[in-house]
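Novice: Sending over upload_24.csv (CSV, C-alpha atoms).
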chain,number,residue,atom,x,y,z
O,388,MET,CA,-24.3,92.4,11.9
O,389,HIS,CA,-21.1,93.3,10.2
O,390,ALA,CA,-17.7,95.0,10.7
O,391,PRO,CA,-17.6,98.4,12.2
O,392,HIS,CA,-16.0,100.2,9.3
O,393,ASN,CA,-17.8,101.8,6.5
O,394,GLU,CA,-16.5,100.0,3.4
O,395,MET,CA,-16.7,96.3,3.5
O,396,LEU,CA,-14.5,94.4,1.1
O,397,SER,CA,-16.4,91.2,1.3
O,398,ARG,CA,-19.7,90.9,-0.5
O,399,LEU,CA,-23.0,89.2,0.0
O,400,VAL,CA,-25.1,88.5,-3.1
O,401,ARG,CA,-28.4,86.6,-2.9
O,402,PHE,CA,-29.4,84.2,-5.6
O,403,ASN,CA,-32.7,82.4,-5.6
O,404,LEU,CA,-31.9,78.7,-5.6
O,405,SER,CA,-35.0,77.8,-7.7
O,406,ASP,CA,-34.9,80.4,-10.5
O,407,GLY,CA,-31.3,81.7,-10.2
O,408,MET,CA,-32.4,85.3,-10.0
O,409,SER,CA,-31.0,87.9,-7.6
O,410,PRO,CA,-32.7,90.8,-5.8
O,411,ASP,CA,-29.2,92.4,-5.6
O,412,VAL,CA,-28.1,92.5,-9.2
O,413,SER,CA,-29.8,92.6,-12.6
O,414,PRO,CA,-29.0,89.8,-15.0
O,415,ILE,CA,-27.6,90.3,-18.5
O,416,GLN,CA,-30.1,88.9,-20.9
O,417,ARG,CA,-29.5,87.4,-24.3
O,418,ARG,CA,-32.4,87.1,-26.6
O,419,LEU,CA,-32.5,84.8,-29.6
O,420,SER,CA,-32.0,87.8,-31.9
O,421,ASN,CA,-28.6,88.3,-30.2
O,422,MET,CA,-27.4,84.9,-31.5
O,423,LYS,CA,-27.6,85.3,-35.2
O,424,GLY,CA,-25.8,82.5,-37.1
O,425,MET,CA,-25.3,80.3,-34.1
O,426,TYR,CA,-28.1,77.8,-34.6
O,427,ALA,CA,-28.1,75.4,-37.6
O,428,ASP,CA,-31.7,75.8,-38.7
O,429,GLU,CA,-31.8,79.3,-40.0
O,430,THR,CA,-35.5,79.1,-41.1
O,431,ALA,CA,-36.6,78.1,-37.6
O,432,TYR,CA,-34.3,80.8,-36.1
O,433,VAL,CA,-35.9,83.6,-38.2
O,434,ARG,CA,-39.4,82.3,-37.5
O,435,LEU,CA,-38.8,82.2,-33.7
O,436,VAL,CA,-37.2,85.6,-33.6
O,437,GLY,CA,-40.1,87.0,-35.5
O,438,GLU,CA,-42.7,85.3,-33.3
O,439,SER,CA,-41.4,86.1,-29.8
O,440,ASP,CA,-37.6,86.6,-29.8
O,441,PRO,CA,-37.4,84.8,-26.5
O,442,ILE,CA,-34.8,85.3,-23.8
O,443,VAL,CA,-32.5,82.3,-24.3
O,444,TYR,CA,-30.2,82.9,-21.3
O,445,GLU,CA,-29.3,85.2,-18.5
O,446,PHE,CA,-26.3,85.6,-16.3
O,447,HIS,CA,-24.8,87.9,-13.7
O,448,ASP,CA,-21.7,90.1,-14.0
O,449,LEU,CA,-20.9,91.6,-10.6
O,450,GLY,CA,-18.2,93.9,-11.9
O,451,LEU,CA,-15.6,92.6,-9.5
O,452,PRO,CA,-12.1,93.9,-10.0
O,453,GLU,CA,-10.4,92.1,-12.9
O,454,ARG,CA,-7.4,91.0,-10.9
O,455,ASP,CA,-5.8,87.6,-11.0
O,456,GLY,CA,-6.4,87.2,-7.3
O,457,ALA,CA,-10.1,87.9,-7.5
O,458,ILE,CA,-12.9,85.4,-8.4
O,459,ALA,CA,-15.8,86.3,-10.5
O,460,PHE,CA,-19.1,84.5,-9.9
O,461,GLY,CA,-22.8,84.5,-10.4
O,462,THR,CA,-25.6,82.3,-11.7
O,463,SER,CA,-26.4,81.5,-15.3
O,464,ILE,CA,-29.9,80.6,-16.4
O,465,THR,CA,-30.5,78.9,-19.7
O,466,HIS,CA,-34.1,78.7,-20.5
O,467,PRO,CA,-35.8,75.6,-22.1
O,468,GLY,CA,-36.5,75.7,-25.8
O,469,LYS,CA,-35.3,74.7,-29.2
O,470,VAL,CA,-34.5,76.3,-32.5
O,471,GLY,CA,-35.7,73.5,-34.9
O,472,GLU,CA,-34.1,70.4,-33.3
O,473,GLU,CA,-31.3,72.3,-31.6
O,474,TYR,CA,-31.6,73.0,-27.9
O,475,PHE,CA,-31.4,76.5,-26.4
O,476,MET,CA,-27.8,77.3,-25.4
O,477,THR,CA,-25.5,80.1,-24.4
O,478,LYS,CA,-23.2,81.7,-27.0
O,479,GLY,CA,-20.2,80.1,-25.4
O,480,HIS,CA,-16.8,81.7,-25.1
O,481,PHE,CA,-13.1,81.2,-24.6
O,482,HIS,CA,-11.4,83.1,-21.9
O,483,THR,CA,-9.2,85.9,-23.2
O,484,ILE,CA,-6.5,84.6,-20.8
O,485,LEU,CA,-6.9,81.2,-22.5
O,486,ALA,CA,-5.3,79.1,-19.7
O,487,THR,CA,-7.9,79.8,-17.1
O,488,ALA,CA,-10.4,77.3,-15.9
O,489,GLU,CA,-14.0,77.7,-14.7
O,490,VAL,CA,-16.3,75.7,-12.5
O,491,TYR,CA,-20.1,75.4,-12.9
O,492,TYR,CA,-22.3,74.0,-10.1
O,493,CYS,CA,-25.7,72.9,-11.3
O,494,LEU,CA,-28.6,73.9,-9.1
O,495,ARG,CA,-31.5,72.9,-11.2
O,496,GLY,CA,-32.5,71.5,-14.6
O,497,HIS,CA,-30.9,69.1,-17.1
O,498,GLY,CA,-28.2,70.1,-19.6
O,499,TYR,CA,-24.8,69.8,-20.9
O,500,MET,CA,-21.6,71.7,-20.7
O,501,LEU,CA,-20.0,71.5,-24.2
O,502,MET,CA,-16.3,72.3,-24.3
O,503,GLU,CA,-13.8,72.7,-27.1
O,504,SER,CA,-10.1,73.6,-27.3
O,505,PRO,CA,-8.6,75.8,-30.0
O,506,GLU,CA,-7.2,72.7,-31.7
O,507,GLY,CA,-10.8,71.3,-31.9
O,508,ASP,CA,-10.6,68.7,-29.1
O,509,TRP,CA,-14.0,68.6,-27.5
O,510,GLU,CA,-15.7,67.2,-24.4
O,511,ALA,CA,-19.2,67.2,-23.0
O,512,GLN,CA,-20.4,66.7,-19.4
O,513,GLU,CA,-24.0,66.2,-18.4
O,514,LEU,CA,-25.4,68.6,-15.9
O,515,ARG,CA,-28.0,67.5,-13.3
O,516,PRO,CA,-28.8,69.2,-10.0
O,517,GLY,CA,-25.8,68.9,-7.6
O,518,CYS,CA,-23.3,68.2,-10.4
O,519,ALA,CA,-20.2,70.4,-10.6
O,520,VAL,CA,-18.4,70.6,-14.0
O,521,TYR,CA,-14.8,71.6,-14.1
O,522,VAL,CA,-14.1,73.4,-17.4
O,523,PRO,CA,-10.3,73.0,-18.0
O,524,GLU,CA,-7.9,75.7,-18.9
O,525,ARG,CA,-7.9,76.5,-22.7
O,526,TYR,CA,-11.5,75.2,-23.3
O,527,ALA,CA,-14.3,77.2,-24.7
O,528,HIS,CA,-17.6,76.3,-23.0
O,529,ARG,CA,-21.3,76.6,-23.7
O,530,SER,CA,-24.3,75.6,-21.5
O,531,ILE,CA,-27.1,73.7,-23.3
O,532,ASN,CA,-30.5,73.1,-21.7
O,533,VAL,CA,-31.9,69.7,-22.9
O,534,GLY,CA,-34.8,69.8,-20.5
O,535,THR,CA,-38.3,70.2,-21.6
O,536,ASP,CA,-39.7,72.8,-19.2
O,537,ALA,CA,-37.2,73.7,-16.4
O,538,PRO,CA,-34.5,76.3,-16.7
O,539,LEU,CA,-30.9,75.1,-16.5
O,540,ILE,CA,-29.4,77.0,-13.5
O,541,THR,CA,-25.7,76.9,-12.6
O,542,PHE,CA,-23.5,78.8,-10.2
O,543,PHE,CA,-20.2,79.7,-11.9
O,544,ALA,CA,-16.8,80.9,-10.7
O,545,PHE,CA,-13.6,81.8,-12.6
O,546,ARG,CA,-10.6,84.0,-12.2
O,547,ALA,CA,-11.8,87.6,-12.4
O,548,ASP,CA,-9.2,88.7,-14.9
O,549,ALA,CA,-9.8,85.8,-17.3
O,550,GLY,CA,-11.9,87.9,-19.7
O,551,HIS,CA,-14.3,86.7,-22.4
O,552,ASP,CA,-13.6,86.0,-26.0
O,553,TYR,CA,-17.0,85.5,-27.8
O,554,GLY,CA,-15.7,86.4,-31.2
O,555,THR,CA,-13.9,83.1,-31.9
O,556,ILE,CA,-17.0,81.0,-31.3
O,557,GLU,CA,-19.2,83.5,-33.2
O,558,THR,CA,-16.9,83.0,-36.2
O,559,LYS,CA,-16.1,79.3,-36.2
O,560,GLY,CA,-18.8,77.8,-33.9
O,561,PHE,CA,-18.4,74.6,-31.9
O,562,ARG,CA,-17.4,71.3,-33.5
O,563,LYS,CA,-20.4,69.7,-32.1
O,564,ARG,CA,-24.1,70.5,-31.6
O,565,ILE,CA,-26.6,69.0,-29.3
O,566,VAL,CA,-30.0,68.3,-30.8
O,567,GLU,CA,-33.1,66.4,-30.0
O,568,ARG,CA,-33.5,63.1,-31.9
O,569,ALA,CA,-36.3,60.6,-31.1
O,570,GLY,CA,-37.0,62.7,-28.0
O,571,LYS,CA,-33.5,62.4,-26.6
O,572,PRO,CA,-30.4,64.7,-26.7
O,573,GLU,CA,-27.8,63.6,-29.2
O,574,ILE,CA,-24.4,65.1,-29.9
O,575,ILE,CA,-23.8,65.5,-33.6
O,576,ASP,CA,-21.2,67.0,-35.8
O,577,ASN,CA,-21.5,70.6,-36.8
O,578,PRO,CA,-21.1,70.7,-40.5
O,579,ARG,CA,-20.5,74.4,-40.5
O,580,TRP,CA,-17.6,74.1,-38.0
O,581,LYS,CA,-14.4,75.8,-39.2
O,582,ALA,CA,-11.1,74.4,-38.2
O,583,GLY,CA,-8.3,76.6,-36.9
F,1406,MET,CA,-21.9,60.6,-23.9
F,1407,HIS,CA,-18.4,62.2,-24.0
F,1408,ALA,CA,-15.5,63.0,-26.1
F,1409,PRO,CA,-13.9,60.2,-28.2
F,1410,HIS,CA,-10.5,60.4,-26.6
F,1411,ASN,CA,-9.4,58.5,-23.5
F,1412,GLU,CA,-8.3,61.1,-21.1
F,1413,MET,CA,-10.8,63.9,-20.5
F,1414,LEU,CA,-9.5,67.1,-19.1
F,1415,SER,CA,-12.9,68.3,-17.8
F,1416,ARG,CA,-14.3,66.7,-14.7
F,1417,LEU,CA,-17.8,65.9,-13.4
F,1418,VAL,CA,-18.2,65.7,-9.7
F,1419,ARG,CA,-21.5,65.0,-8.1
F,1420,PHE,CA,-22.5,66.6,-4.8
F,1421,ASN,CA,-25.8,66.0,-3.1
F,1422,LEU,CA,-27.6,69.3,-2.8
F,1423,SER,CA,-29.2,68.4,0.6
F,1424,ASP,CA,-26.2,66.9,2.5
F,1425,GLY,CA,-23.2,68.2,0.5
F,1426,MET,CA,-21.8,64.7,0.2
F,1427,SER,CA,-20.4,63.2,-3.0
F,1428,PRO,CA,-20.4,59.7,-4.3
F,1429,ASP,CA,-17.3,60.5,-6.3
F,1430,VAL,CA,-14.9,61.8,-3.7
F,1431,SER,CA,-14.4,61.2,0.1
F,1432,PRO,CA,-14.5,64.3,2.3
F,1433,ILE,CA,-11.8,65.3,4.7
F,1434,GLN,CA,-13.3,65.2,8.2
F,1435,ARG,CA,-12.3,67.4,11.1
F,1436,ARG,CA,-13.3,66.1,14.5
F,1437,LEU,CA,-13.5,68.3,17.6
F,1438,SER,CA,-10.2,66.8,18.8
F,1439,ASN,CA,-8.5,68.2,15.8
F,1440,MET,CA,-9.4,71.8,17.0
F,1441,LYS,CA,-7.5,72.0,20.3
F,1442,GLY,CA,-7.3,75.5,21.6
F,1443,MET,CA,-9.7,77.0,19.1
F,1444,TYR,CA,-12.8,77.2,21.2
F,1445,ALA,CA,-13.0,79.6,24.2
F,1446,ASP,CA,-14.6,77.2,26.7
F,1447,GLU,CA,-11.8,74.7,27.4
F,1448,THR,CA,-13.9,72.7,29.9
F,1449,ALA,CA,-16.8,72.2,27.5
F,1450,TYR,CA,-14.3,71.3,24.8
F,1451,VAL,CA,-12.6,68.6,26.9
F,1452,ARG,CA,-15.9,67.2,28.0
F,1453,LEU,CA,-17.4,67.0,24.4
F,1454,VAL,CA,-14.2,65.5,23.0
F,1455,GLY,CA,-14.4,62.9,25.8
F,1456,GLU,CA,-18.1,62.2,25.2
F,1457,SER,CA,-18.3,61.8,21.5
F,1458,ASP,CA,-15.5,63.8,19.7
F,1459,PRO,CA,-18.0,64.8,17.0
F,1460,ILE,CA,-17.2,65.5,13.4
F,1461,VAL,CA,-17.4,69.3,13.3
F,1462,TYR,CA,-16.9,69.8,9.6
F,1463,GLU,CA,-16.1,68.1,6.4
F,1464,PHE,CA,-14.9,69.4,3.0
F,1465,HIS,CA,-13.6,68.2,-0.3
F,1466,ASP,CA,-10.2,68.4,-1.9
F,1467,LEU,CA,-10.3,67.2,-5.4
F,1468,GLY,CA,-6.5,67.4,-5.9
F,1469,LEU,CA,-6.7,69.6,-8.9
F,1470,PRO,CA,-3.4,70.8,-10.3
F,1471,GLU,CA,-2.1,73.7,-8.2
F,1472,ARG,CA,-1.8,76.1,-11.1
F,1473,ASP,CA,-2.8,79.8,-11.1
F,1474,GLY,CA,-5.2,79.1,-14.1
F,1475,ALA,CA,-7.0,76.2,-12.3
F,1476,ILE,CA,-10.0,76.6,-9.9
F,1477,ALA,CA,-10.3,74.3,-6.9
F,1478,PHE,CA,-13.8,73.6,-5.7
F,1479,GLY,CA,-16.0,71.4,-3.6
F,1480,THR,CA,-18.6,71.5,-0.8
F,1481,SER,CA,-18.0,72.3,2.8
F,1482,ILE,CA,-20.3,70.9,5.5
F,1483,THR,CA,-20.2,72.4,9.0
F,1484,HIS,CA,-22.4,70.4,11.4
F,1485,PRO,CA,-24.7,72.0,14.0
F,1486,GLY,CA,-23.5,72.1,17.5
F,1487,LYS,CA,-21.8,74.2,20.2
F,1488,VAL,CA,-18.8,74.1,22.5
F,1489,GLY,CA,-20.2,75.8,25.5
F,1490,GLU,CA,-21.9,78.9,24.0
F,1491,GLU,CA,-19.7,78.9,20.9
F,1492,TYR,CA,-21.0,77.6,17.7
F,1493,PHE,CA,-19.3,74.8,15.7
F,1494,MET,CA,-17.0,76.3,13.1
F,1495,THR,CA,-14.2,75.5,10.7
F,1496,LYS,CA,-10.6,76.1,11.7
F,1497,GLY,CA,-10.4,78.9,9.2
F,1498,HIS,CA,-7.4,79.8,7.1
F,1499,PHE,CA,-5.5,82.4,5.2
F,1500,HIS,CA,-4.4,81.5,1.7
F,1501,THR,CA,-0.7,81.0,1.4
F,1502,ILE,CA,-0.8,83.3,-1.7
F,1503,LEU,CA,-2.5,85.9,0.5
F,1504,ALA,CA,-4.0,88.1,-2.2
F,1505,THR,CA,-6.3,85.4,-3.5
F,1506,ALA,CA,-10.1,85.5,-3.0
F,1507,GLU,CA,-12.6,82.8,-2.5
F,1508,VAL,CA,-16.3,82.5,-3.1
F,1509,TYR,CA,-18.8,80.4,-1.1
F,1510,TYR,CA,-22.3,79.7,-2.3
F,1511,CYS,CA,-24.7,78.6,0.5
F,1512,LEU,CA,-26.9,75.6,-0.4
F,1513,ARG,CA,-28.4,74.9,3.0
F,1514,GLY,CA,-28.4,75.9,6.6
F,1515,HIS,CA,-27.8,79.2,8.5
F,1516,GLY,CA,-24.4,80.5,9.4
F,1517,TYR,CA,-21.8,83.2,9.1
F,1518,MET,CA,-18.6,83.7,7.2
F,1519,LEU,CA,-16.2,85.4,9.5
F,1520,MET,CA,-13.2,87.1,7.9
F,1521,GLU,CA,-10.1,88.8,9.1
F,1522,SER,CA,-7.1,90.5,7.5
F,1523,PRO,CA,-3.5,90.2,8.8
F,1524,GLU,CA,-4.0,93.7,10.2
F,1525,GLY,CA,-7.0,92.6,12.3
F,1526,ASP,CA,-9.7,94.2,10.2
F,1527,TRP,CA,-12.7,91.9,10.3
F,1528,GLU,CA,-16.0,91.4,8.5
F,1529,ALA,CA,-18.9,88.9,8.8
F,1530,GLN,CA,-21.5,88.0,6.3
F,1531,GLU,CA,-24.6,85.9,7.1
F,1532,LEU,CA,-25.2,82.8,5.1
F,1533,ARG,CA,-28.6,81.6,4.1
F,1534,PRO,CA,-29.6,79.2,1.3
F,1535,GLY,CA,-28.9,80.9,-2.0
F,1536,CYS,CA,-26.5,83.5,-0.6
F,1537,ALA,CA,-23.0,83.9,-2.1
F,1538,VAL,CA,-20.3,85.4,0.0
F,1539,TYR,CA,-17.2,86.8,-1.7
F,1540,VAL,CA,-14.2,86.5,0.6
F,1541,PRO,CA,-11.8,89.3,-0.5
F,1542,GLU,CA,-8.1,88.9,-1.2
F,1543,ARG,CA,-6.0,88.9,2.0
F,1544,TYR,CA,-8.8,87.7,4.3
F,1545,ALA,CA,-8.7,84.6,6.5
F,1546,HIS,CA,-12.1,83.0,6.6
F,1547,ARG,CA,-14.0,80.6,8.8
F,1548,SER,CA,-17.5,79.1,8.4
F,1549,ILE,CA,-19.7,79.1,11.5
F,1550,ASN,CA,-23.0,77.1,11.7
F,1551,VAL,CA,-25.5,79.1,13.9
F,1552,GLY,CA,-28.4,76.8,13.1
F,1553,THR,CA,-29.9,74.4,15.6
F,1554,ASP,CA,-30.2,71.3,13.6
F,1555,ALA,CA,-29.3,71.6,9.9
F,1556,PRO,CA,-25.8,71.4,8.5
F,1557,LEU,CA,-24.4,74.5,6.9
F,1558,ILE,CA,-23.5,73.5,3.4
F,1559,THR,CA,-21.6,75.7,1.0
F,1560,PHE,CA,-20.1,75.2,-2.5
F,1561,PHE,CA,-16.7,76.9,-2.6
F,1562,ALA,CA,-14.3,77.9,-5.4
F,1563,PHE,CA,-10.8,79.5,-5.3
F,1564,ARG,CA,-7.6,79.7,-7.3
F,1565,ALA,CA,-6.1,76.2,-7.2
F,1566,ASP,CA,-2.6,77.5,-6.4
F,1567,ALA,CA,-3.7,79.6,-3.4
F,1568,GLY,CA,-2.7,77.2,-0.8
F,1569,HIS,CA,-3.8,77.0,2.8
F,1570,ASP,CA,-2.2,78.6,5.8
F,1571,TYR,CA,-3.8,77.2,8.9
F,1572,GLY,CA,-1.0,77.9,11.3
F,1573,THR,CA,-1.6,81.6,11.6
F,1574,ILE,CA,-5.1,81.2,12.9
F,1575,GLU,CA,-4.2,78.3,15.1
F,1576,THR,CA,-1.6,80.6,16.8
F,1577,LYS,CA,-3.4,83.9,17.0
F,1578,GLY,CA,-7.1,83.0,16.5
F,1579,PHE,CA,-9.8,85.3,15.0
F,1580,ARG,CA,-10.4,88.7,16.6
F,1581,LYS,CA,-14.1,87.8,17.0
F,1582,ARG,CA,-16.1,84.8,18.1
F,1583,ILE,CA,-19.7,83.9,17.4
F,1584,VAL,CA,-21.7,82.7,20.3
F,1585,GLU,CA,-25.3,82.0,21.3
F,1586,ARG,CA,-26.7,84.6,23.7
F,1587,ALA,CA,-30.4,84.6,24.6
F,1588,GLY,CA,-31.0,82.0,21.9
F,1589,LYS,CA,-29.4,84.2,19.2
F,1590,PRO,CA,-26.0,84.5,17.5
F,1591,GLU,CA,-23.9,87.3,18.7
F,1592,ILE,CA,-20.5,88.5,17.5
F,1593,ILE,CA,-18.2,89.1,20.5
F,1594,ASP,CA,-14.6,90.0,21.0
F,1595,ASN,CA,-12.1,87.2,21.4
F,1596,PRO,CA,-10.1,88.0,24.6
F,1597,ARG,CA,-7.4,85.6,23.6
F,1598,TRP,CA,-6.8,87.2,20.1
F,1599,LYS,CA,-3.3,88.1,19.5
F,1600,ALA,CA,-2.5,91.1,17.4
F,1601,GLY,CA,0.2,90.9,14.7
Now, as a test, write the supplied structure out as structure tokens.
Specialist:
Amino acid sequence: MHAPHNEMLSRLVRFNLSDGMSPDVSPIQRRLSNMKGMYADETAYVRLVGESDPIVYEFHDLGLPERDGAIAFGTSITHPGKVGEEYFMTKGHFHTILATAEVYYCLRGHGYMLMESPEGDWEAQELRPGCAVYVPERYAHRSINVGTDAPLITFFAFRADAGHDYGTIETKGFRKRIVERAGKPEIIDNPRWKAG
Amino acid sequence: MHAPHNEMLSRLVRFNLSDGMSPDVSPIQRRLSNMKGMYADETAYVRLVGESDPIVYEFHDLGLPERDGAIAFGTSITHPGKVGEEYFMTKGHFHTILATAEVYYCLRGHGYMLMESPEGDWEAQELRPGCAVYVPERYAHRSINVGTDAPLITFFAFRADAGHDYGTIETKGFRKRIVERAGKPEIIDNPRWKAG
């Protein structure tokens, strides 16, 4: 049941609420080997890449027009796991148009959204099912799964022309890391963080 | 566990995944009496307003800064019900900045997103749990609950400066209506629709 013309401008995309996957669009997958240098424990990193090189996270890019009036969206799935004591996480990114926000709505799992400005101000918000996190303009953001077995699944939306700057985080990292200490998540300083 | 400065720029808002409500922000509620002239069956409308004047829908406005880099978001809850044969629906609106899109992610229920351009082109997409509907730039949009007992719950996101134009729809209506015929939803012409 739809409009009587051939080319619809609206779009329906199905995402499974429990695993975040879609029968309509393939996810982009990031394996641990795609994240060289991002985890603190290099020995644990090399071992885990050699053992199974797991998929750390997956997300959707629907290829919407990169216009300032369009909204890009999809689900992001960060799988459970650790590299040493550090939880599985996304690479994290700034937007190329820095002053553009993003919203994440958590559908499943337990995690954190770790955020950081170019000046090194940082914030973290805890993600539980039903929680929406507003990532403010100018803040890089990274999803971190601190759960033991469930995936962290979020539905995200941002201005479609915002663009992604992964290089800055790849070079300087985040000021903070989230690790498991005494069985619980703890936010610690990242000794390798580079200012400016 | 959060950043060590007083004023966080990020924001955490909790929404219940099963009823769409939030302990953090009160919803804006629209009763049937707020929708005068929007349903086709005026007799049924007057009777139902007199009987119980039910809440037809509720949604959240978080009051985010109306900047083009910000993203407004929240949940929308359209309750089940009918006015005569016409299903409960939202008023529907254009964005004041017409060429701005919106995305709706369905968390629960069964409904339709009915969309219409200023030129009268229309589209409809069916909403089921897990379905995301992309409302294209320039399209007015209205949520319609075609379920029999569950609320239609969506999580929405749009550019925070988009603004809402309710007046155009209040004046001219949508070209189509969704009604129950033989126990099933059917999209029919709206005889009262006014072109241009």
Novice: O:Ser413, O:Thr535, O:Ser397, O:Asn577: which is nearest O:Leu451, counting only C-alpha atoms?
Specialist: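 Smallest distance to O:Leu451 is found for O:Ser397.
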Novice: Define the interface residues of chain F facing chain O as those within 6 Å, counting only C-alpha atoms, and report them as a list in words.
Specialist: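 Interface list for chain F against chain O: His1407, Ala1408, Ser1415, Arg1416, Leu1417, Val1418, Arg1419, Phe1420, Asn1421, Leu1422, Gly1474, Ala1475, Ala1504, Thr1505, Ala1506, Trp1527, Glu1528, Ala1529, Gly1535, Cys1536, Ala1537, Val1538, Tyr1539, Val1540 and Pro1541 of chain F.
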Novice: Can you work out which one of O:Ile540, O:Ile464, O:Ile531, O:Leu419 has the shortest atom-to-atom distance to O:Gly437, counting all atoms listed in the file?
Specialist: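 Closest to O:Gly437, using all atoms listed in the file: O:Leu419.
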Novice: Any idea what the distance is between atom CA of O:Asp536 and atom CA of O:Thr462?
Specialist: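 Computing the Euclidean distance for atom CA of O:Asp536 and atom CA of O:Thr462 yields 18.6 Å.
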Novice: Compute the distance from (-13.4, 74.2, -37.0) to each atom, counting all atoms listed in the file, keep the residues with any atom at most 10 Å away, and return them as number ranges by chain; use the coordinates of the file.
Specialist: O: 505-507, 556, 558-563, 577-583
Novice: At what distance in Å, to one decimal, does atom CA of F:Leu1467 lie from atom CA of F:Gln1434?
Specialist: 14.1 Å
Novice: Here is a test: counting all atoms listed in the file, which residue of F:Asn1439, F:Asp1424, F:Asp1570, F:Gly1514 is nearest to F:Val1461?
Specialist: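 The closest residue to F:Val1461 is F:Asn1439.
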Novice: I'd like the interatomic distance between atom CA of O:Ile415 and atom CA of O:Ser463, to a tenth of an Å.
Specialist: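 Taking atom CA of O:Ile415 and atom CA of O:Ser463, their separation equals 9.4 Å.
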Novice: Which protein, DNA or RNA residues have an atom at most 9 Å from (-34.2, 72.9, -28.4), counting only C-alpha atoms? List them as a PDB file with C-alpha atoms, in the coordinates of the input.
Specialist:
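Dumped to selection-v2.pdb:
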ATOM      1  CA  PRO O 467     -35.800  75.600 -22.100  1.00  0.00           C
ATOM      2  CA  GLY O 468     -36.500  75.700 -25.800  1.00  0.00           C
ATOM      3  CA  LYS O 469     -35.300  74.700 -29.200  1.00  0.00           C
ATOM      4  CA  VAL O 470     -34.500  76.300 -32.500  1.00  0.00           C
ATOM      5  CA  GLY O 471     -35.700  73.500 -34.900  1.00  0.00           C
ATOM      6  CA  GLU O 472     -34.100  70.400 -33.300  1.00  0.00           C
ATOM      7  CA  GLU O 473     -31.300  72.300 -31.600  1.00  0.00           C
ATOM      8  CA  TYR O 474     -31.600  73.000 -27.900  1.00  0.00           C
ATOM      9  CA  PHE O 475     -31.400  76.500 -26.400  1.00  0.00           C
ATOM     10  CA  MET O 476     -27.800  77.300 -25.400  1.00  0.00           C
ATOM     11  CA  ILE O 531     -27.100  73.700 -23.300  1.00  0.00           C
ATOM     12  CA  ASN O 532     -30.500  73.100 -21.700  1.00  0.00           C
ATOM     13  CA  VAL O 533     -31.900  69.700 -22.900  1.00  0.00           C
ATOM     14  CA  GLY O 534     -34.800  69.800 -20.500  1.00  0.00           C
ATOM     15  CA  THR O 535     -38.300  70.200 -21.600  1.00  0.00           C
ATOM     16  CA  ILE O 565     -26.600  69.000 -29.300  1.00  0.00           C
ATOM     17  CA  VAL O 566     -30.000  68.300 -30.800  1.00  0.00           C
ATOM     18  CA  GLU O 567     -33.100  66.400 -30.000  1.00  0.00           C
TER      19      GLU O 567
END
Novice: So that I can check the surroundings of F:Pro1432, please list as JSON, numbers by chain every protein, DNA and RNA residue that reaches within 8 Å of it, counting all atoms listed in the file and ignoring chain neighbours fewer than 6 positions away.
Specialist: {"F": [1426, 1463, 1464, 1465, 1466]}
